[in-house]
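Asker: This is the structure I want to talk about, given as structure tokens.
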Amino acid sequence: MEPSFFASTNQVDVFDFVEVKIRLHNPVADPFRTVLVEGTFARGVEDPVPVIGFCDTQDGSTHRIRFMPTECGDYSYRITITTPETSASYEGSFHAINAGRKGLLMVDPEHGYHFQWSGTGEHFFWNAATAYFMMGCPDPIIAESIDRLASKQVNRIRTTLNSCRVPNAQAWKEAVYTNEEFTFMFGPWLSARPEAVGDPGWDVTRFDIAFWQKYDRLVARARQHDIIVSVVFYIDGYRPGAYPFDLTKSSEHYGLDEDELRYYRYAAARLSAYSNVEWCVSNEWHLFRGKPWVRAMGQYLSKHDPYGHLMSVHGDEEFSFRTEKWAKPWADFAVVQAWDSEAGYDAMMENRRLQDRTGRKMPQVVEEYCYEDHYPDGLLPPLRSADSRRRIAWEVSMAGCYQATGESARNGLGGWLNGRGDESMTMLDLYGHMKKFFEAFAWWRLEPHPELAPGAMCLAEPGVRYVVYLTNASAQLPDVDTVSGYAQDQLAPRPEFTQRLYNPRTGQYTQPFSNFLDRTVTDSHDDWVLLIERQNATSLI
């Protein structure tokens, strides 16, 4: 009997997706390796876009193929499924309308250290949170956690497809344990021993369909809030049971394992049609694989993503892929990891300098500078308090860069481990103040200008807007004439500027500002932000 084809719709929003389900009337013994679903989708007379499909039942009886239109118009498509017994094709069409979706997240082509949405052109102030093992929670808790993070103005979350399988978070000195509402024992393949830690018995030829359907629901829930999901393929891959492929191959002779390639290919086939995904080739790659492997997997994943979602890889203090000798570089932004003060202003300014030297601008992100209340290394509170993490985030922003934080897991809920939290956890409110501050003006036009405010940190669009961050109020506030350049060129007409002092701890401007003028504040270690704007400057661009 011929396969049956079922199209989900004949009209779809741009940046949503159409889906065609293919029903085989007999099970397939080895569906992930022996069945091929391919499609081409075209708008009018434009060149068709090739797309691959994926198996969506354990017995291989159902396959799907998804396509996300990025422009309005009439589309036609042709789909072919090939099995060991048969081959069949199906043709269809649909119409795509603009419903105002934000689109894909991309690097701003004019301001290469920043991001914007492809659909609306809006800029994106990257405010990320870590929730590595969110997939270890049941669906209602995942939905609740995503909704809570969205209410805290988080717009990107980091989640892993493949857990590193530990019985509890004592591996990281955290009080989070496997229980009826959370487990570290999950992954993308079928397992002979699901509860085993070091040897789960992965069958890397067969994906766990229930797991992937659950990940679909996670991404779809995040998309409701325009939250980007960073899809992490491995986390702590050096731990027993975390990486089921051959680790004995050196980085010089790494080889490509077809089973591992299938993993990346399946993820691309299944998830690429979601507008809000972003790829992380691996977390902590340097602990278990080499640079050639990273490059190979990055290129391979890029090849199978027809839409060009953002992609990078998480490693250590130096990003090794700032520029690649490829026709299409696979790394879209630089990711570094550096703890505590090593991730602050000076470090991120150096990352920008390193990037500038390549001749290619790309956003700079510190994805891990140690999480709130996280003390696996013998250090003690309050070194990693919420306030200390907030201050580092401000320093990162003042270098024109971005960050990903993580909430405390000390109360046992999960925090950075799975994204769970409650009303007692307020750190992300502090980050929300920072996001609110920058989103009130065209922050992407500002560049670091440390020379304009010695002893402080300064971002500026000279002549228009200046942001000065004072790490403590014992520093002298800069004079507006000096910062604006008027003091060095008094022949020019004196521009008129407004000055406001912002409290990053409360998210409020302090009035009257004159209380802080013409004197040095010496009785506080609080930090402050001075915003200097030329009168009549456009507030929102």
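Labeling convention for the structure tokens: chains A, B, ... as they appear, residues from 1 per chain, ligands from 1 in order of appearance.
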List the spatial neighbours of stretch 260-266 of chain A as a PyMOL selection string - criterion: any atom at most 10 Å away, only C-alpha atoms, same-chain residues fewer than 2 positions off excluded.
Answerer: chain A and resi 32-33+52-55+188-189+204-207+212+233+243-246+256-258+268-272+281+296-298+300-305
Asker: Report as a Markdown table the residues of stretch 394-505 of chain A within 10 Å of stretch 351-358 of chain A, each with its shortest atom pair and distance in Å (one decimal), using only C-alpha atoms, ordered by chain and increasing residue number.
Answerer:
| residue | atom | partner | partner_atom | distance |
| --- | --- | --- | --- | --- |
| A:Ala399 | CA | A:Arg352 | CA | 8.0 |
| A:Gly400 | CA | A:Arg352 | CA | 8.5 |
| A:Cys401 | CA | A:Arg352 | CA | 8.2 |
| A:Pro448 | CA | A:Arg352 | CA | 9.9 |
Asker: So that I have them on file, write out the residues from the current selection with N, CA, C and O atoms, as a CSV table (one decimal), in the first residue's frame.
Answerer:
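Ended up saving to part_2.csv:
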chain,number,residue,atom,x,y,z
A,399,ALA,N,31.2,46.8,28.0
A,399,ALA,CA,32.1,46.5,27.0
A,399,ALA,C,31.5,46.3,25.6
A,399,ALA,O,32.1,45.9,24.7
A,400,GLY,N,30.1,46.4,25.6
A,400,GLY,CA,29.4,46.2,24.4
A,400,GLY,C,29.2,44.8,24.1
A,400,GLY,O,29.1,44.3,22.9
A,401,CYS,N,29.2,43.9,25.1
A,401,CYS,CA,29.1,42.5,25.0
A,401,CYS,C,27.8,42.0,25.7
A,401,CYS,O,27.1,42.8,26.3
A,448,PRO,N,32.4,51.2,23.1
A,448,PRO,CA,33.2,51.5,24.3
A,448,PRO,C,34.1,52.7,24.1
A,448,PRO,O,34.8,52.7,23.1
Asker: Report as a ChimeraX atom specification all protein, DNA and RNA residues lying within 8 Å of A:Asp527, evaluated on only C-alpha atoms, omitting residues in the same chain fewer than 4 positions from it.
Answerer: /A:469-473,503-504
Asker: Might you pull out every residue within 6 Å of A:Trp202, with only C-alpha atoms counted and same-chain residues fewer than 2 positions away left off, and present them as a VMD selection string?
Answerer: chain A and resid 190 to 191 200 204
Asker: Can I get the selection written as a compact mmCIF listing (two decimals), in the first residue's frame, with N, CA, C and O atoms?
Answerer:
# COMPACT_ATOMS: atom_id res chain seq x y z
N LEU A 190 17.29 5.78 22.61
CA LEU A 190 16.74 4.73 23.46
C LEU A 190 17.86 4.15 24.32
O LEU A 190 19.00 4.03 23.88
N SER A 191 17.49 3.78 25.53
CA SER A 191 18.47 3.29 26.50
C SER A 191 18.04 1.94 27.03
O SER A 191 16.87 1.74 27.38
N PRO A 200 24.35 3.76 30.43
CA PRO A 200 22.91 3.62 30.17
C PRO A 200 22.56 2.68 29.03
O PRO A 200 21.39 2.41 28.80
N VAL A 204 22.45 4.10 19.77
CA VAL A 204 22.57 5.34 19.00
C VAL A 204 22.00 5.22 17.59
O VAL A 204 22.06 6.19 16.82
Asker: Smallest atom-to-atom distance to A:Ile65: which of A:Thr120, A:Thr130, A:Thr83, A:Ser8, using only C-alpha atoms?
Answerer: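 Using only C-alpha atoms, the shortest distance to A:Ile65 belongs to A:Ser8.
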Asker: Could you pull out all residues of stretch 276-361 of chain A with a DSSP call of strand (DSSP E or B) and give them as a PDB file with C-alpha atoms, in the first residue's frame?
Answerer:
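Output file selection05.pdb is given in full below:
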ATOM      1  CA  VAL A 277      16.224  27.806  18.083  1.00  0.00           C
ATOM      2  CA  GLU A 278      19.941  28.468  18.196  1.00  0.00           C
ATOM      3  CA  TRP A 279      22.630  25.783  17.955  1.00  0.00           C
ATOM      4  CA  CYS A 280      25.398  25.087  20.453  1.00  0.00           C
ATOM      5  CA  MET A 311      25.354  28.834  15.933  1.00  0.00           C
ATOM      6  CA  SER A 312      28.382  28.711  18.214  1.00  0.00           C
ATOM      7  CA  ALA A 334      31.942  34.137  20.101  1.00  0.00           C
ATOM      8  CA  VAL A 335      31.330  32.338  23.399  1.00  0.00           C
ATOM      9  CA  VAL A 336      33.755  32.402  26.310  1.00  0.00           C
ATOM     10  CA  GLN A 337      33.655  31.074  29.856  1.00  0.00           C
TER      11      GLN A 337
END
Asker: If we count only C-alpha atoms, what is near A:Glu317 at a cut-off of 12 Å, once residues fewer than 6 positions away on the same chain are taken out, given as a ChimeraX atom specification?
Answerer: /A:284,286,334-340,342-343,347-348,350-351,364-369
Asker: Taking 2 positions as the minimum chain separation for residues in the same chain, which residues sit within 8 Å of A:Val229 when counting only C-alpha atoms? Answer as a ChimeraX atom specification.
Answerer: /A:156-159,219,222,227,231,276-278
Asker: For the helix (DSSP H, G or I) assignment from backbone DSSP, which residues of stretch 130-281 of chain A qualify? Please present them as a PyMOL selection string.
Answerer: chain A and resi 134-136+139-151+169-172+209-224+258-271
Asker: Tell me which protein, DNA and RNA residues are within 12 Å of A:Phe184, counting only C-alpha atoms, leaving out same-chain ones fewer than 6 positions away, and put them as a PyMOL selection string.
Answerer: chain A and resi 132-137+160-171+176-178+194-198+235+241-242+414+417-418
Asker: For the selection just defined, write its residues with N, CA and C atoms to a file, as a short mmCIF file (atom, residue, chain, number, x, y, z; two decimals), in the first residue's frame.
Answerer:
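Listing of selection.cif after writing:
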data_model
loop_
_atom_site.label_atom_id
_atom_site.label_comp_id
_atom_site.auth_asym_id
_atom_site.auth_seq_id
_atom_site.Cartn_x
_atom_site.Cartn_y
_atom_site.Cartn_z
N TYR A 132 20.21 24.07 32.07
CA TYR A 132 20.76 22.94 31.34
C TYR A 132 19.83 21.73 31.28
N PHE A 133 19.33 21.31 32.45
CA PHE A 133 18.62 20.03 32.54
C PHE A 133 17.11 20.22 32.64
N MET A 134 16.60 21.25 31.99
CA MET A 134 15.16 21.50 32.01
C MET A 134 14.38 20.29 31.52
N MET A 135 14.97 19.53 30.59
CA MET A 135 14.27 18.37 30.05
C MET A 135 14.11 17.25 31.08
N GLY A 136 14.76 17.38 32.23
CA GLY A 136 14.57 16.40 33.29
C GLY A 136 13.32 16.62 34.11
N CYS A 137 12.58 17.70 33.80
CA CYS A 137 11.34 18.00 34.51
C CYS A 137 10.14 17.55 33.68
N THR A 160 20.10 21.42 27.41
CA THR A 160 20.84 20.35 26.74
C THR A 160 19.90 19.25 26.26
N LEU A 161 20.26 18.67 25.12
CA LEU A 161 19.57 17.49 24.63
C LEU A 161 20.03 16.23 25.35
N ASN A 162 21.29 16.21 25.75
CA ASN A 162 21.89 14.99 26.28
C ASN A 162 22.46 15.27 27.67
N SER A 163 21.85 14.72 28.69
CA SER A 163 22.30 14.96 30.06
C SER A 163 23.64 14.26 30.32
N CYS A 164 24.36 14.75 31.32
CA CYS A 164 25.61 14.10 31.70
C CYS A 164 25.40 13.06 32.80
N ARG A 165 24.14 12.77 33.16
CA ARG A 165 23.77 11.60 33.94
C ARG A 165 24.54 11.48 35.26
N VAL A 166 24.09 12.21 36.24
CA VAL A 166 24.61 12.08 37.60
C VAL A 166 23.42 11.81 38.52
N PRO A 167 23.62 11.13 39.64
CA PRO A 167 22.48 10.84 40.52
C PRO A 167 21.95 12.07 41.23
N ASN A 168 22.82 13.03 41.46
CA ASN A 168 22.40 14.28 42.09
C ASN A 168 23.42 15.34 41.75
N ALA A 169 23.11 16.57 42.13
CA ALA A 169 23.96 17.69 41.75
C ALA A 169 25.15 17.88 42.67
N GLN A 170 25.42 16.89 43.51
CA GLN A 170 26.64 16.98 44.32
C GLN A 170 27.88 16.99 43.44
N ALA A 171 27.73 16.57 42.19
CA ALA A 171 28.84 16.67 41.25
C ALA A 171 29.28 18.11 41.09
N VAL A 176 20.62 19.61 44.67
CA VAL A 176 19.52 19.24 43.76
C VAL A 176 19.64 17.74 43.49
N TYR A 177 18.57 17.01 43.76
CA TYR A 177 18.60 15.56 43.66
C TYR A 177 17.51 15.07 42.70
N THR A 178 17.74 13.90 42.14
CA THR A 178 16.71 13.24 41.36
C THR A 178 15.51 12.93 42.25
N PRO A 194 17.77 2.84 31.52
CA PRO A 194 17.46 4.27 31.64
C PRO A 194 17.91 4.90 32.94
N GLU A 195 17.96 4.14 34.04
CA GLU A 195 18.31 4.72 35.33
C GLU A 195 19.78 4.56 35.67
N ALA A 196 20.55 3.90 34.80
CA ALA A 196 21.98 3.73 35.06
C ALA A 196 22.71 5.04 34.87
N VAL A 197 23.76 5.24 35.65
CA VAL A 197 24.50 6.50 35.57
C VAL A 197 25.60 6.42 34.51
N GLY A 198 26.56 5.57 34.71
CA GLY A 198 27.72 5.58 33.83
C GLY A 198 27.58 4.78 32.55
N ILE A 235 26.69 18.18 27.19
CA ILE A 235 27.17 18.95 28.33
C ILE A 235 28.05 18.03 29.17
N GLY A 241 28.97 7.88 30.48
CA GLY A 241 27.59 7.79 30.00
C GLY A 241 27.10 9.00 29.25
N ALA A 242 27.91 10.07 29.21
CA ALA A 242 27.44 11.31 28.59
C ALA A 242 27.72 11.39 27.10
N GLY A 414 16.45 24.03 41.71
CA GLY A 414 17.14 23.75 40.45
C GLY A 414 17.97 24.92 39.95
N LEU A 417 20.52 24.72 37.12
CA LEU A 417 20.53 23.35 36.66
C LEU A 417 19.32 23.01 35.78
N ASN A 418 18.15 23.56 36.13
CA ASN A 418 16.97 23.21 35.33
C ASN A 418 15.99 24.36 35.10
#
